[in-house]
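Below is target_29.csv, holding CSV, C-alpha atoms and all ligand atoms.
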chain,number,residue,atom,x,y,z
M,17,MET,CA,-63.6,119.4,70.1
M,18,LYS,CA,-60.5,117.9,68.7
M,19,VAL,CA,-57.5,116.7,70.8
M,20,ILE,CA,-54.1,116.9,69.2
M,21,LYS,CA,-51.3,115.1,71.0
M,22,VAL,CA,-47.8,116.7,71.2
M,23,ARG,CA,-45.0,114.2,71.8
M,24,HIS,CA,-41.8,115.6,73.4
M,25,GLY,CA,-38.7,114.5,75.3
M,26,GLY,CA,-40.6,114.3,78.6
M,27,GLY,CA,-43.8,112.6,77.4
M,28,GLU,CA,-46.8,114.1,75.6
M,29,TYR,CA,-49.5,116.6,76.3
M,30,PRO,CA,-52.9,117.3,74.7
M,31,VAL,CA,-53.9,120.4,72.8
M,32,TYR,CA,-57.7,120.8,73.0
M,33,VAL,CA,-59.1,122.8,70.0
M,34,GLY,CA,-62.7,123.7,69.8
M,35,GLN,CA,-65.4,126.3,70.5
M,36,GLY,CA,-66.9,127.2,73.9
M,37,LEU,CA,-64.1,125.5,75.8
M,38,LEU,CA,-63.6,128.3,78.3
M,39,GLY,CA,-67.2,128.4,79.4
M,40,THR,CA,-67.5,124.7,80.1
M,41,ALA,CA,-65.4,122.8,82.6
M,42,SER,CA,-64.9,119.9,80.2
M,43,ALA,CA,-62.0,117.4,79.9
M,44,TRP,CA,-59.3,120.0,80.2
M,45,ALA,CA,-60.1,121.1,83.8
M,46,ARG,CA,-58.5,117.9,85.1
M,47,HIS,CA,-55.1,119.3,84.2
M,48,LEU,CA,-55.6,121.9,86.9
M,49,ARG,CA,-54.0,120.4,90.1
M,50,GLY,CA,-52.9,121.7,93.4
M,51,ARG,CA,-53.2,125.5,94.0
M,52,VAL,CA,-53.9,127.4,90.7
M,53,LEU,CA,-52.5,130.8,89.8
M,54,VAL,CA,-54.2,132.3,86.7
M,55,VAL,CA,-51.9,134.7,84.9
M,56,SER,CA,-53.5,137.1,82.4
M,57,ASP,CA,-53.2,140.7,81.1
M,58,GLU,CA,-55.7,143.5,81.8
M,59,THR,CA,-57.5,143.3,78.4
M,60,VAL,CA,-57.9,139.5,78.3
M,61,ALA,CA,-58.8,139.3,82.0
M,62,GLY,CA,-61.5,141.9,81.5
M,63,LEU,CA,-62.9,139.8,78.6
M,64,TYR,CA,-62.4,136.2,79.7
M,65,LEU,CA,-61.4,135.7,83.3
M,66,SER,CA,-65.0,135.2,84.5
M,67,ARG,CA,-65.5,132.4,81.9
M,68,LEU,CA,-62.9,130.3,83.8
M,69,GLY,CA,-65.3,130.0,86.7
M,70,GLY,CA,-66.5,126.5,85.8
M,71,ALA,CA,-63.0,125.1,85.4
M,72,LEU,CA,-61.9,126.6,88.7
M,73,GLU,CA,-64.9,125.3,90.6
M,74,GLY,CA,-63.8,122.8,93.3
M,75,ILE,CA,-60.3,124.2,93.4
M,76,ARG,CA,-60.0,125.6,96.9
M,77,HIS,CA,-57.0,127.8,96.5
M,78,HIS,CA,-56.8,129.9,93.4
M,79,GLN,CA,-55.8,133.5,92.6
M,80,ALA,CA,-55.2,135.7,89.6
M,81,ALA,CA,-52.2,137.8,88.8
M,82,ILE,CA,-53.2,140.4,86.2
M,83,LEU,CA,-50.4,142.2,84.4
M,84,PRO,CA,-50.4,145.2,82.1
M,85,ASP,CA,-50.6,144.2,78.4
M,86,GLY,CA,-48.0,144.7,75.7
M,87,GLU,CA,-44.7,143.3,74.4
M,88,ASP,CA,-42.9,145.9,76.5
M,89,GLN,CA,-44.3,144.2,79.6
M,90,LYS,CA,-42.6,140.9,78.8
M,91,THR,CA,-39.9,141.7,81.4
M,92,LEU,CA,-38.0,140.1,84.3
M,93,ALA,CA,-39.9,142.5,86.6
M,94,ASN,CA,-43.3,141.1,85.6
M,95,TRP,CA,-41.9,137.5,85.7
M,96,GLN,CA,-40.9,138.3,89.3
M,97,ARG,CA,-44.5,139.5,90.0
M,98,VAL,CA,-45.8,136.1,88.9
M,99,ILE,CA,-43.2,134.3,91.1
M,100,GLU,CA,-44.2,136.5,94.1
M,101,ALA,CA,-47.9,135.7,93.4
M,102,LEU,CA,-47.1,132.0,93.5
M,103,VAL,CA,-45.4,132.5,96.9
M,104,GLU,CA,-48.4,134.5,98.2
M,105,LEU,CA,-50.7,131.7,97.0
M,106,GLY,CA,-48.7,129.2,99.0
M,107,ALA,CA,-48.0,127.2,95.8
M,108,GLN,CA,-46.2,123.9,96.3
M,109,ARG,CA,-44.5,121.7,93.7
M,110,ASP,CA,-47.9,120.3,92.7
M,111,ALA,CA,-49.3,123.8,91.8
M,112,THR,CA,-50.5,124.9,88.4
M,113,VAL,CA,-50.0,128.1,86.5
M,114,LEU,CA,-52.8,128.8,84.0
M,115,ALA,CA,-51.7,131.2,81.4
M,116,LEU,CA,-54.7,133.0,79.9
M,117,GLY,CA,-53.7,135.4,77.1
M,118,GLY,CA,-51.6,136.0,74.0
M,119,GLY,CA,-48.0,135.0,73.4
M,120,VAL,CA,-46.7,137.6,75.9
M,121,ILE,CA,-48.6,136.1,78.8
M,122,GLY,CA,-47.9,132.5,77.7
M,123,ASP,CA,-44.2,133.0,77.4
M,124,MET,CA,-43.8,134.9,80.7
M,125,ALA,CA,-46.2,132.7,82.8
M,126,GLY,CA,-44.6,129.6,81.2
M,127,PHE,CA,-41.2,130.9,82.2
M,128,ALA,CA,-42.3,131.5,85.8
M,129,ALA,CA,-43.7,128.0,85.9
M,130,ALA,CA,-40.4,126.7,84.5
M,131,CYS,CA,-38.4,128.4,87.3
M,132,TYR,CA,-40.7,128.3,90.4
M,133,MET,CA,-39.4,125.4,92.7
M,134,ARG,CA,-37.4,124.3,89.6
M,135,GLY,CA,-40.6,123.7,87.6
M,136,ILE,CA,-44.3,123.4,88.2
M,137,ARG,CA,-47.1,122.6,85.8
M,138,VAL,CA,-48.4,125.2,83.3
M,139,VAL,CA,-51.7,125.0,81.3
M,140,GLN,CA,-51.6,127.3,78.3
M,141,VAL,CA,-54.9,128.9,77.3
M,142,PRO,CA,-54.0,131.1,74.3
M,143,THR,CA,-56.4,133.8,73.2
M,144,THR,CA,-54.7,135.3,70.1
M,145,LEU,CA,-54.5,133.5,66.8
M,146,LEU,CA,-50.7,133.7,66.9
M,147,ALA,CA,-50.6,132.1,70.3
M,148,GLN,CA,-53.1,129.4,69.4
M,149,VAL,CA,-51.3,128.3,66.3
M,150,ASP,CA,-47.7,128.9,67.4
M,151,ALA,CA,-46.6,130.3,70.8
M,152,ALA,CA,-48.6,128.1,73.1
M,153,VAL,CA,-47.5,124.9,71.5
M,154,GLY,CA,-43.9,123.7,71.8
M,155,GLY,CA,-42.7,124.6,75.2
M,156,LYS,CA,-40.6,127.7,74.4
M,157,THR,CA,-40.9,130.2,77.3
M,158,GLY,CA,-39.1,133.4,78.2
M,159,VAL,CA,-38.9,137.2,78.6
M,160,ASN,CA,-37.2,140.1,76.8
M,161,LEU,CA,-34.2,142.0,78.1
M,162,ALA,CA,-33.4,145.6,77.0
M,163,ALA,CA,-30.7,144.0,74.9
M,164,GLY,CA,-33.1,141.9,72.9
M,165,LYS,CA,-36.2,139.8,72.6
M,166,ASN,CA,-36.5,136.4,74.3
M,167,LEU,CA,-32.9,136.6,75.6
M,168,VAL,CA,-33.8,134.7,78.8
M,169,GLY,CA,-35.9,131.6,78.8
M,170,ALA,CA,-36.3,127.9,79.1
M,171,PHE,CA,-38.0,125.0,77.3
M,172,HIS,CA,-40.9,124.0,79.6
M,173,ALA,CA,-43.6,121.9,78.0
M,174,PRO,CA,-47.2,122.6,79.1
M,175,SER,CA,-49.4,120.0,80.8
M,176,ALA,CA,-52.1,120.9,78.4
M,177,VAL,CA,-53.1,123.6,75.9
M,178,VAL,CA,-56.7,124.8,75.6
M,179,VAL,CA,-57.5,126.5,72.4
M,180,ASP,CA,-61.0,128.1,72.4
M,181,VAL,CA,-61.4,129.7,68.9
M,182,ASP,CA,-64.4,131.7,70.2
M,183,THR,CA,-62.0,134.0,72.0
M,184,LEU,CA,-60.8,135.2,68.5
M,185,ALA,CA,-64.0,137.1,68.0
M,186,THR,CA,-62.8,140.0,70.2
M,187,LEU,CA,-59.3,140.2,68.6
M,188,ASP,CA,-58.7,143.4,66.6
M,189,ASP,CA,-58.4,143.1,62.8
M,190,ARG,CA,-54.6,143.7,62.7
M,191,GLU,CA,-53.8,141.1,65.4
M,192,TYR,CA,-56.1,138.6,63.6
M,193,ARG,CA,-54.5,139.1,60.2
M,194,ALA,CA,-51.0,139.0,61.7
M,195,GLY,CA,-51.9,135.6,63.1
M,196,LEU,CA,-53.0,134.4,59.7
M,197,ALA,CA,-49.5,135.0,58.4
M,198,GLU,CA,-48.2,132.2,60.7
M,199,VAL,CA,-51.1,129.9,59.5
M,200,VAL,CA,-50.0,130.4,55.9
M,201,LYS,CA,-46.4,129.7,56.9
M,202,TYR,CA,-47.3,126.1,57.9
M,203,GLY,CA,-48.8,125.5,54.4
M,204,ALA,CA,-45.8,127.1,52.7
M,205,ILE,CA,-43.1,125.2,54.5
M,206,ARG,CA,-44.5,121.7,55.0
M,207,ASP,CA,-48.1,121.1,54.0
M,208,ALA,CA,-49.1,121.8,50.3
M,209,ALA,CA,-52.6,120.4,50.8
M,210,PHE,CA,-53.2,122.8,53.7
M,211,PHE,CA,-51.9,125.6,51.5
M,212,ALA,CA,-54.4,124.7,48.7
M,213,TRP,CA,-57.2,124.5,51.3
M,214,LEU,CA,-56.2,128.0,52.6
M,215,GLU,CA,-56.5,129.3,49.0
M,216,GLN,CA,-59.9,127.8,48.7
M,217,GLU,CA,-61.1,129.2,52.1
M,218,ALA,CA,-59.3,132.6,52.1
M,219,ASP,CA,-62.5,134.6,51.9
M,220,ALA,CA,-64.1,132.6,54.7
M,221,LEU,CA,-61.0,133.1,56.9
M,222,ALA,CA,-60.7,136.8,56.2
M,223,ALA,CA,-64.4,137.0,57.3
M,224,ARG,CA,-63.6,134.8,60.4
M,225,LEU,CA,-66.2,132.2,59.6
M,226,PRO,CA,-66.1,129.8,62.6
M,227,ASP,CA,-65.9,126.5,60.6
M,228,ALA,CA,-63.0,127.7,58.5
M,229,LEU,CA,-61.3,129.2,61.4
M,230,LEU,CA,-61.6,126.1,63.5
M,231,GLU,CA,-60.1,123.9,60.7
M,232,ALA,CA,-57.3,126.4,60.1
M,233,VAL,CA,-56.3,126.4,63.7
M,234,GLN,CA,-56.6,122.6,64.0
M,235,ARG,CA,-54.4,122.0,60.9
M,236,SER,CA,-51.9,124.6,62.1
M,237,VAL,CA,-51.6,123.0,65.5
M,238,SER,CA,-51.2,119.6,64.0
M,239,ASN,CA,-48.3,120.9,61.9
M,240,LYS,CA,-46.7,122.5,64.9
M,241,ALA,CA,-47.2,119.3,66.9
M,242,GLU,CA,-45.4,117.3,64.2
M,243,VAL,CA,-42.5,119.7,64.1
M,244,VAL,CA,-42.1,119.8,67.9
M,245,ALA,CA,-42.3,116.0,68.0
M,246,ALA,CA,-39.5,115.7,65.4
M,247,ASP,CA,-37.2,118.4,66.7
M,248,GLU,CA,-38.2,119.8,70.2
M,249,ARG,CA,-34.8,121.6,70.7
M,250,GLU,CA,-34.5,123.1,67.2
M,251,ALA,CA,-31.6,121.0,66.0
M,252,GLY,CA,-33.1,120.7,62.5
M,253,GLU,CA,-36.7,120.9,61.2
M,254,ARG,CA,-38.0,123.3,63.9
M,255,ALA,CA,-35.7,126.0,62.3
M,256,LEU,CA,-37.9,125.9,59.2
M,257,LEU,CA,-40.6,127.6,61.3
M,258,ASN,CA,-38.5,130.7,60.9
M,259,PHE,CA,-39.6,131.1,57.3
M,260,GLY,CA,-39.9,134.8,56.6
M,261,HIS,CA,-38.7,135.6,60.1
M,262,THR,CA,-35.1,136.7,59.4
M,263,PHE,CA,-36.4,139.4,57.0
M,264,GLY,CA,-39.4,140.0,59.3
M,265,HIS,CA,-37.3,140.5,62.5
M,266,ALA,CA,-35.0,142.9,60.6
M,267,LEU,CA,-38.0,144.9,59.4
M,268,GLU,CA,-39.5,145.0,62.9
M,269,THR,CA,-36.2,146.2,64.4
M,270,ALA,CA,-35.6,148.8,61.6
M,271,THR,CA,-39.1,150.3,62.2
M,272,ASP,CA,-38.7,150.3,66.1
M,273,TYR,CA,-41.5,147.6,66.5
M,274,ARG,CA,-44.0,150.4,65.8
M,275,ARG,CA,-44.9,150.1,62.1
M,276,TYR,CA,-45.6,146.3,61.8
M,277,ARG,CA,-47.2,143.7,63.9
M,278,HIS,CA,-44.9,140.6,64.0
M,279,GLY,CA,-47.1,138.6,61.5
M,280,GLU,CA,-47.3,141.6,59.2
M,281,ALA,CA,-43.5,141.8,59.0
M,282,VAL,CA,-43.3,138.0,58.6
M,283,ALA,CA,-45.7,138.1,55.6
M,284,ILE,CA,-43.4,140.6,53.8
M,285,GLY,CA,-40.4,138.4,54.8
M,286,MET,CA,-42.1,135.2,53.4
M,287,SER,CA,-42.8,137.0,50.2
M,288,LEU,CA,-39.1,138.2,49.9
M,289,ALA,CA,-37.9,134.7,50.8
M,290,ALA,CA,-40.1,133.1,48.1
M,291,ARG,CA,-38.8,135.6,45.5
M,292,LEU,CA,-35.2,134.8,46.5
M,293,SER,CA,-36.0,131.0,46.2
M,294,GLU,CA,-37.0,131.6,42.6
M,295,LEU,CA,-34.1,133.8,41.9
M,296,LEU,CA,-31.7,131.0,43.1
M,297,SER,CA,-33.7,128.5,41.0
M,298,LEU,CA,-34.5,126.5,44.1
M,299,THR,CA,-38.1,126.4,43.0
M,300,ILE,CA,-40.0,126.8,39.8
M,301,PRO,CA,-41.3,130.3,38.9
M,302,GLY,CA,-44.8,131.1,40.1
M,303,VAL,CA,-44.4,130.0,43.7
M,304,ALA,CA,-43.8,133.6,45.0
M,305,ALA,CA,-46.8,134.9,43.0
M,306,ARG,CA,-49.0,132.2,44.5
M,307,LEU,CA,-47.9,133.0,48.0
M,308,ASP,CA,-48.3,136.7,47.5
M,309,ALA,CA,-51.9,136.2,46.1
M,310,LEU,CA,-52.9,134.2,49.2
M,311,LEU,CA,-51.3,136.7,51.7
M,312,GLN,CA,-53.0,139.6,49.9
M,313,ARG,CA,-56.4,138.0,50.0
M,314,LEU,CA,-56.0,137.6,53.8
M,315,GLY,CA,-55.3,141.3,54.0
M,316,LEU,CA,-51.5,141.2,54.4
M,317,GLU,CA,-48.9,143.3,52.6
M,318,THR,CA,-46.2,141.6,50.6
M,319,GLN,CA,-43.9,144.4,49.5
M,320,LEU,CA,-41.3,146.5,51.4
M,321,ALA,CA,-42.3,150.1,51.7
M,322,PRO,CA,-40.5,152.2,48.9
M,323,GLY,CA,-38.5,154.3,51.3
M,324,GLN,CA,-37.3,151.4,53.5
M,325,ASP,CA,-33.5,151.4,53.9
M,326,ARG,CA,-32.5,148.0,52.4
M,327,GLU,CA,-28.8,148.2,53.5
M,328,GLN,CA,-30.0,148.7,57.1
M,329,LEU,CA,-32.2,145.6,56.7
M,330,LEU,CA,-29.2,143.6,55.4
M,331,SER,CA,-27.0,144.7,58.4
M,332,LEU,CA,-29.8,143.7,60.8
M,333,MET,CA,-30.1,140.3,59.1
M,334,ARG,CA,-26.4,139.6,59.7
M,335,LEU,CA,-27.3,139.5,63.5
M,336,ASP,CA,-29.8,136.7,63.1
M,337,LYS,CA,-29.3,133.7,65.5
M,338,LYS,CA,-29.4,131.2,62.6
M,339,ASN,CA,-26.3,132.6,61.0
M,340,GLN,CA,-23.0,130.7,61.1
M,341,ALA,CA,-19.5,131.7,60.0
M,342,GLU,CA,-20.6,135.2,59.0
M,343,GLN,CA,-23.1,133.8,56.4
M,344,ILE,CA,-26.8,134.8,56.4
M,345,ARG,CA,-28.8,131.6,56.6
M,346,LEU,CA,-32.3,131.8,55.3
M,347,VAL,CA,-35.3,129.5,55.1
M,348,LEU,CA,-36.2,129.2,51.5
M,349,LEU,CA,-38.8,127.3,49.5
M,350,GLU,CA,-38.2,124.3,47.1
M,351,GLY,CA,-41.9,124.6,46.2
M,352,ILE,CA,-45.2,125.1,48.1
M,353,GLY,CA,-45.0,122.7,51.1
M,354,ARG,CA,-41.2,122.2,51.0
M,355,ALA,CA,-38.5,124.3,52.7
M,356,VAL,CA,-34.8,124.3,53.3
M,357,VAL,CA,-32.2,126.3,55.2
M,358,ARG,CA,-29.6,127.8,52.8
M,359,PRO,CA,-26.7,130.3,53.3
M,360,CYS,CA,-27.1,133.4,51.1
M,361,GLU,CA,-24.8,136.1,49.8
M,362,PRO,CA,-25.6,139.7,50.5
M,363,ASP,CA,-25.7,140.4,46.7
M,364,GLU,CA,-28.3,137.7,46.3
M,365,ILE,CA,-30.5,139.3,49.0
M,366,ARG,CA,-29.9,142.8,47.4
M,367,GLU,CA,-31.5,141.4,44.2
M,368,VAL,CA,-34.9,140.9,45.9
M,369,PHE,CA,-34.6,144.2,47.7
M,370,LYS,CA,-34.8,146.0,44.4
M,371,GLU,CA,-37.9,148.2,43.9
M,372,PRO,CA,-40.4,146.5,41.5
D,1,LIG,P1,-49.8,139.7,72.9
D,1,LIG,O1,-49.8,138.6,73.8
D,1,LIG,O2,-49.1,140.9,73.2
D,1,LIG,O3,-51.3,140.0,72.5
D,1,LIG,C1,-51.7,141.1,71.6
D,1,LIG,C2,-52.7,142.0,72.2
D,1,LIG,O4,-54.0,141.3,72.1
D,1,LIG,C3,-52.6,142.3,73.7
D,1,LIG,O5,-52.9,143.6,73.9
D,1,LIG,C4,-53.6,141.4,74.4
D,1,LIG,O6,-54.1,142.0,75.5
D,1,LIG,C5,-54.7,141.4,73.3
D,1,LIG,N1,-55.6,140.2,73.3
D,1,LIG,C6,-55.1,138.9,73.5
D,1,LIG,N2,-56.2,138.1,73.3
D,1,LIG,C7,-57.2,138.8,73.0
D,1,LIG,C8,-58.6,138.5,72.7
D,1,LIG,N3,-59.0,137.3,72.6
D,1,LIG,N4,-59.4,139.6,72.4
D,1,LIG,C9,-59.0,140.9,72.4
D,1,LIG,N5,-57.7,141.2,72.7
D,1,LIG,C10,-56.9,140.2,73.0
D,1,LIG,O7,-49.2,139.2,71.4
D,1,LIG,P2,-49.2,137.9,70.6
D,1,LIG,O8,-49.1,138.2,69.2
D,1,LIG,O9,-50.3,136.9,71.1
D,1,LIG,O10,-47.8,137.2,71.1
D,1,LIG,C11,-46.6,137.8,70.8
D,1,LIG,C12,-45.6,137.2,71.7
D,1,LIG,O11,-45.5,135.8,71.4
D,1,LIG,C13,-44.1,137.7,71.4
D,1,LIG,O12,-43.6,138.1,72.7
D,1,LIG,C14,-43.4,136.5,70.8
D,1,LIG,O13,-42.0,136.5,71.2
D,1,LIG,C15,-44.1,135.4,71.4
D,1,LIG,N6,-44.0,134.1,70.6
D,1,LIG,C16,-43.6,133.0,71.3
D,1,LIG,C17,-43.5,131.8,70.6
D,1,LIG,C18,-43.1,130.6,71.3
D,1,LIG,O14,-42.9,129.6,70.6
D,1,LIG,N7,-43.1,130.6,72.6
D,1,LIG,C19,-43.9,131.8,69.2
D,1,LIG,C20,-44.3,132.9,68.6
D,1,LIG,C21,-44.4,134.1,69.3
D,2,LIG,N1,-42.2,129.9,66.9
D,2,LIG,C1,-41.1,129.1,66.6
D,2,LIG,C2,-40.9,127.9,67.4
D,2,LIG,O1,-41.8,127.6,68.2
D,2,LIG,O2,-40.0,127.2,67.3

Since I need it in another form, could you write the structure as C-alpha cells?
Amino acid sequence: MKVIKVRHGGGEYPVYVGQGLLGTASAWARHLRGRVLVVSDETVAGLYLSRLGGALEGIRHHQAAILPDGEDQKTLANWQRVIEALVELGAQRDATVLALGGGVIGDMAGFAAACYMRGIRVVQVPTTLLAQVDAAVGGKTGVNLAAGKNLVGAFHAPSAVVVDVDTLATLDDREYRAGLAEVVKYGAIRDAAFFAWLEQEADALAARLPDALLEAVQRSVSNKAEVVAADEREAGERALLNFGHTFGHALETATDYRRYRHGEAVAIGMSLAARLSELLSLTIPGVAARLDALLQRLGLETQLAPGQDREQLLSLMRLDKKNQAEQIRLVLLEGIGRAVVRPCEPDEIREVFKEP
C-alpha cells in the first residue's frame, strides 16, 4: 500500500492506494470516528458493502444509506435523504460519512458531509477508475440541478481517501476505459515521463493487469495531489485538469448524455485540443498523433462522428465556465507534459472540426 499526502488550505489528508484495502481494517479505519453513515449506491453496495465489516468493527453506531445509481440520481432530493439518514443515526459533529462508490456517490455524500451541522468528516472510498484518479481527491463536492451539472456544491476536503484497485475488477469495460482517459490526461498536461510509461504499458492497462493498474492509479493520484496542493480553489493550475473537457462537455450535452461516457467524450476532446495546439503552432507536429495512438490503444475513440453538428458544438462551447469576455478559453498543449490556457477564435476551432 502507498500513502500519498494531499496538502490543502485546512491541512493535509492521506490517500491510501493499494489492493485488498476494503477487506482489511488496516490503517485507514482510524479515520472513522463518532457515528458512521455509509453512503453507497445499489450496485456498489451489493458488491462491496459487506467488505467494510472489518473497518466498521468496534464502531457501535453505524448505518447505511443506499441510493439508486446513475448520474440522474445526483440530486438535491437524494442529498436530503443522506442528511435525513444522518439525523436518524443521531450523528453529532464528530460523526463520519463514508462514501463508497463512484463519483456520483462521492460528490453527493461529500456535499452532505459539507453541510450537515456546517461540516462533518467524510472518508472517500472510490470504486470507479474515474473516482479513484480524479473525483475523490481534491475536495470538490456537489449535486446537479435540472439547469446543469454540479451547479450546487462546496469545497470539502476528505479526512482520508481509500483507493482499493481490486474494486475495479467488477467495473464494466466502458466505465473502465472512460476512466483511462483521465489517466492519460495527467500525462498529457503535466507528466511526460508518466505519458511515456503509459505508452509502454498500454496493453497491460487495457487488459487490467494489476501491477500496471496499481502504478497508473498511484501516479495519477500523485499528479492530482500536486495540482490540488498548488491550487486548491482553481485560481490557476487546477484549470489545466479541464484539458479536453470543453470539447467533451459540449459533445456530452449535444448527444443528451446518452452516446458517450464522460471519459469517452473527454478523449475525443483531448484529441481535438491537441490538433488545435498544432494548428496554432503552440507545439511541434506529431503530438496529436502520439496522443491519438495512446488513446486508441486503450480502446478510446479520437474522432468526432461524421454527422455530428459542429456549429452546435461551438455554440455549446461558448457556455463553458472558463470563458471570459465572450472568448472561448481552451486548455492546449505546448508539448506532451506541458499545457496552457489560451483564448481561441471560433474559426480556429472550426479548422479542427473539419472532417478528415
Ligand atoms: P458513477 O458514480 O455514476 O458510477 C458509474 C456506474 O458504475 C454506476 O452505475 C455505479 O453503480 C457503478 N460502479 C461503481 N463502482 C463499481 C464497481 N467497482 N464495480 C461495478 N460497478 C461499479 O460515475 P463515475 O464515472 O464514477 O463518476 C461520475 C461523477 O463524478 C460525475 O457526477 C462527475 O460530475 C463527478 N466528478 C467529480 C469530480 C470532482 O472533482 N469532485 C471529478 C470528476 C468527476
Ligand atoms: N476534476 C477536476 C478537478 O478536480 O478540478

> Smallest atom-to-atom distance to Ala246 (chain M): which of M:Arg23, M:Lys165, M:Arg76, M:Arg134, using all atoms listed in the file?
Replying inline: M:Arg23

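In this model, the gap between CA of Trp95 (chain M) and atom O3 of ligand LIG 1 (chain D) comes to 16.4 Å.
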
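Minimum atom-to-atom distance to Asn166 (chain M), evaluated using only C-alpha atoms, belongs to M:Met124 out of M:Leu296, M:Ala185, M:Met124, M:Leu230.
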
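Here the question is which of M:Val33, M:Leu307, M:Ile99, M:Ala125 gets nearest to Phe211 (chain M) using all atoms listed in the file, and that residue is M:Leu307.
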
> Counting all atoms listed in the file, what is within 8 Å of Leu221 (chain M), bar same-chain residues fewer than 6 positions away, as an MDAnalysis selection string?
Replying inline: chainID M and resid 228:229 314

> CA of Leu310 (chain M) to CA of Glu215 (chain M): how many Å, to one decimal?
Replying inline: 6.1 Å

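Restricting the atom set to all atoms listed in the file, one finds that the residues within 6 Å of ligand LIG 2 (chain D) amount to Asp150, Ala151, Gly154, Arg254 and Leu257 of chain M.
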
> Got a sec to check which residues lie within 6 Å of ligand LIG 1 (chain D), using only C-alpha atoms and all ligand atoms, and send them as a PyMOL selection string?
Replying inline: chain M and resi 57+59-60+85-87+117-121+123+143-144+146-147+150-151+156-157+183-184+186-187

>> What does the structure give for the distance between CA of Leu116 (chain M) and CA of Gly25 (chain M), in Å to one decimal?
In response: 24.9 Å

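Taking only C-alpha atoms into account, Val55 (chain M) lies nearest to M:Ala101 out of the set M:Ala101, M:His172, M:Gln35, M:Leu72.
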
Could you give me, as a tab-separated table, a per-residue list for region 181-263 of chain M showing, wherever an atom lies at most 12 Å from an atom of region 273-295 of chain M, the closest pair of atoms and their distance in Å to one decimal, using all atoms listed in the file and sorting by chain then residue number from low to high?
residue	atom	partner	partner_atom	distance
M:Asp188	CA	M:Arg277	CA	11.8
M:Asp189	CA	M:Arg277	CA	11.3
M:Arg190	CA	M:Arg277	CA	7.5
M:Glu191	CA	M:Arg277	CA	7.3
M:Tyr192	CA	M:Gly279	CA	9.2
M:Arg193	CA	M:Gly279	CA	7.5
M:Ala194	CA	M:Gly279	CA	3.9
M:Gly195	CA	M:Gly279	CA	5.9
M:Leu196	CA	M:Gly279	CA	7.5
M:Ala197	CA	M:Gly279	CA	5.3
M:Glu198	CA	M:Gly279	CA	6.5
M:Val199	CA	M:Gly279	CA	9.8
M:Val200	CA	M:Ala283	CA	8.8
M:Lys201	CA	M:Met286	CA	7.8
M:Tyr202	CA	M:Met286	CA	11.4
M:Gly203	CA	M:Met286	CA	11.8
M:Ala204	CA	M:Met286	CA	8.9
M:Ile205	CA	M:Met286	CA	10.1
M:Leu256	CA	M:Met286	CA	11.7
M:Leu257	CA	M:Met286	CA	11.1
M:Asn258	CA	M:Val282	CA	9.0
M:Phe259	CA	M:Met286	CA	6.2
M:Gly260	CA	M:Met286	CA	3.9
M:His261	CA	M:Val282	CA	5.4
M:Thr262	CA	M:Gly285	CA	7.2
M:Phe263	CA	M:Gly285	CA	4.7

Which residues are near Pro359 (chain M)? Cut-off 8 Å, only C-alpha atoms, ignore same chain within fewer than 3 positions. Put them as an mmCIF file with C-alpha atoms, keeping the file's coordinate frame.
data_model
loop_
_atom_site.group_PDB
_atom_site.id
_atom_site.type_symbol
_atom_site.label_atom_id
_atom_site.label_comp_id
_atom_site.auth_asym_id
_atom_site.auth_seq_id
_atom_site.Cartn_x
_atom_site.Cartn_y
_atom_site.Cartn_z
ATOM 1 C CA GLN M 343 -23.100 133.800 56.400
ATOM 2 C CA ILE M 344 -26.800 134.800 56.400
ATOM 3 C CA ARG M 345 -28.800 131.600 56.600
ATOM 4 C CA LEU M 346 -32.300 131.800 55.300
#

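If only C-alpha atoms are the atoms counted, then among M:Arg206, M:Arg51, M:His77, M:Arg97 the closest residue to Leu348 (chain M) is M:Arg206.
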
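Distance check against Asp88 (chain M) using all atoms listed in the file: of M:Ala245, M:Ala355, M:Gly169, M:Asn160, the minimum falls on M:Asn160.
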
>> as a VMD selection string, please: the residues near Leu38 (chain M) (cut-off 8 Å, only C-alpha atoms, same-chain neighbours under 3 positions excluded).
In response: chain M and resid 41 67 to 68 71 180
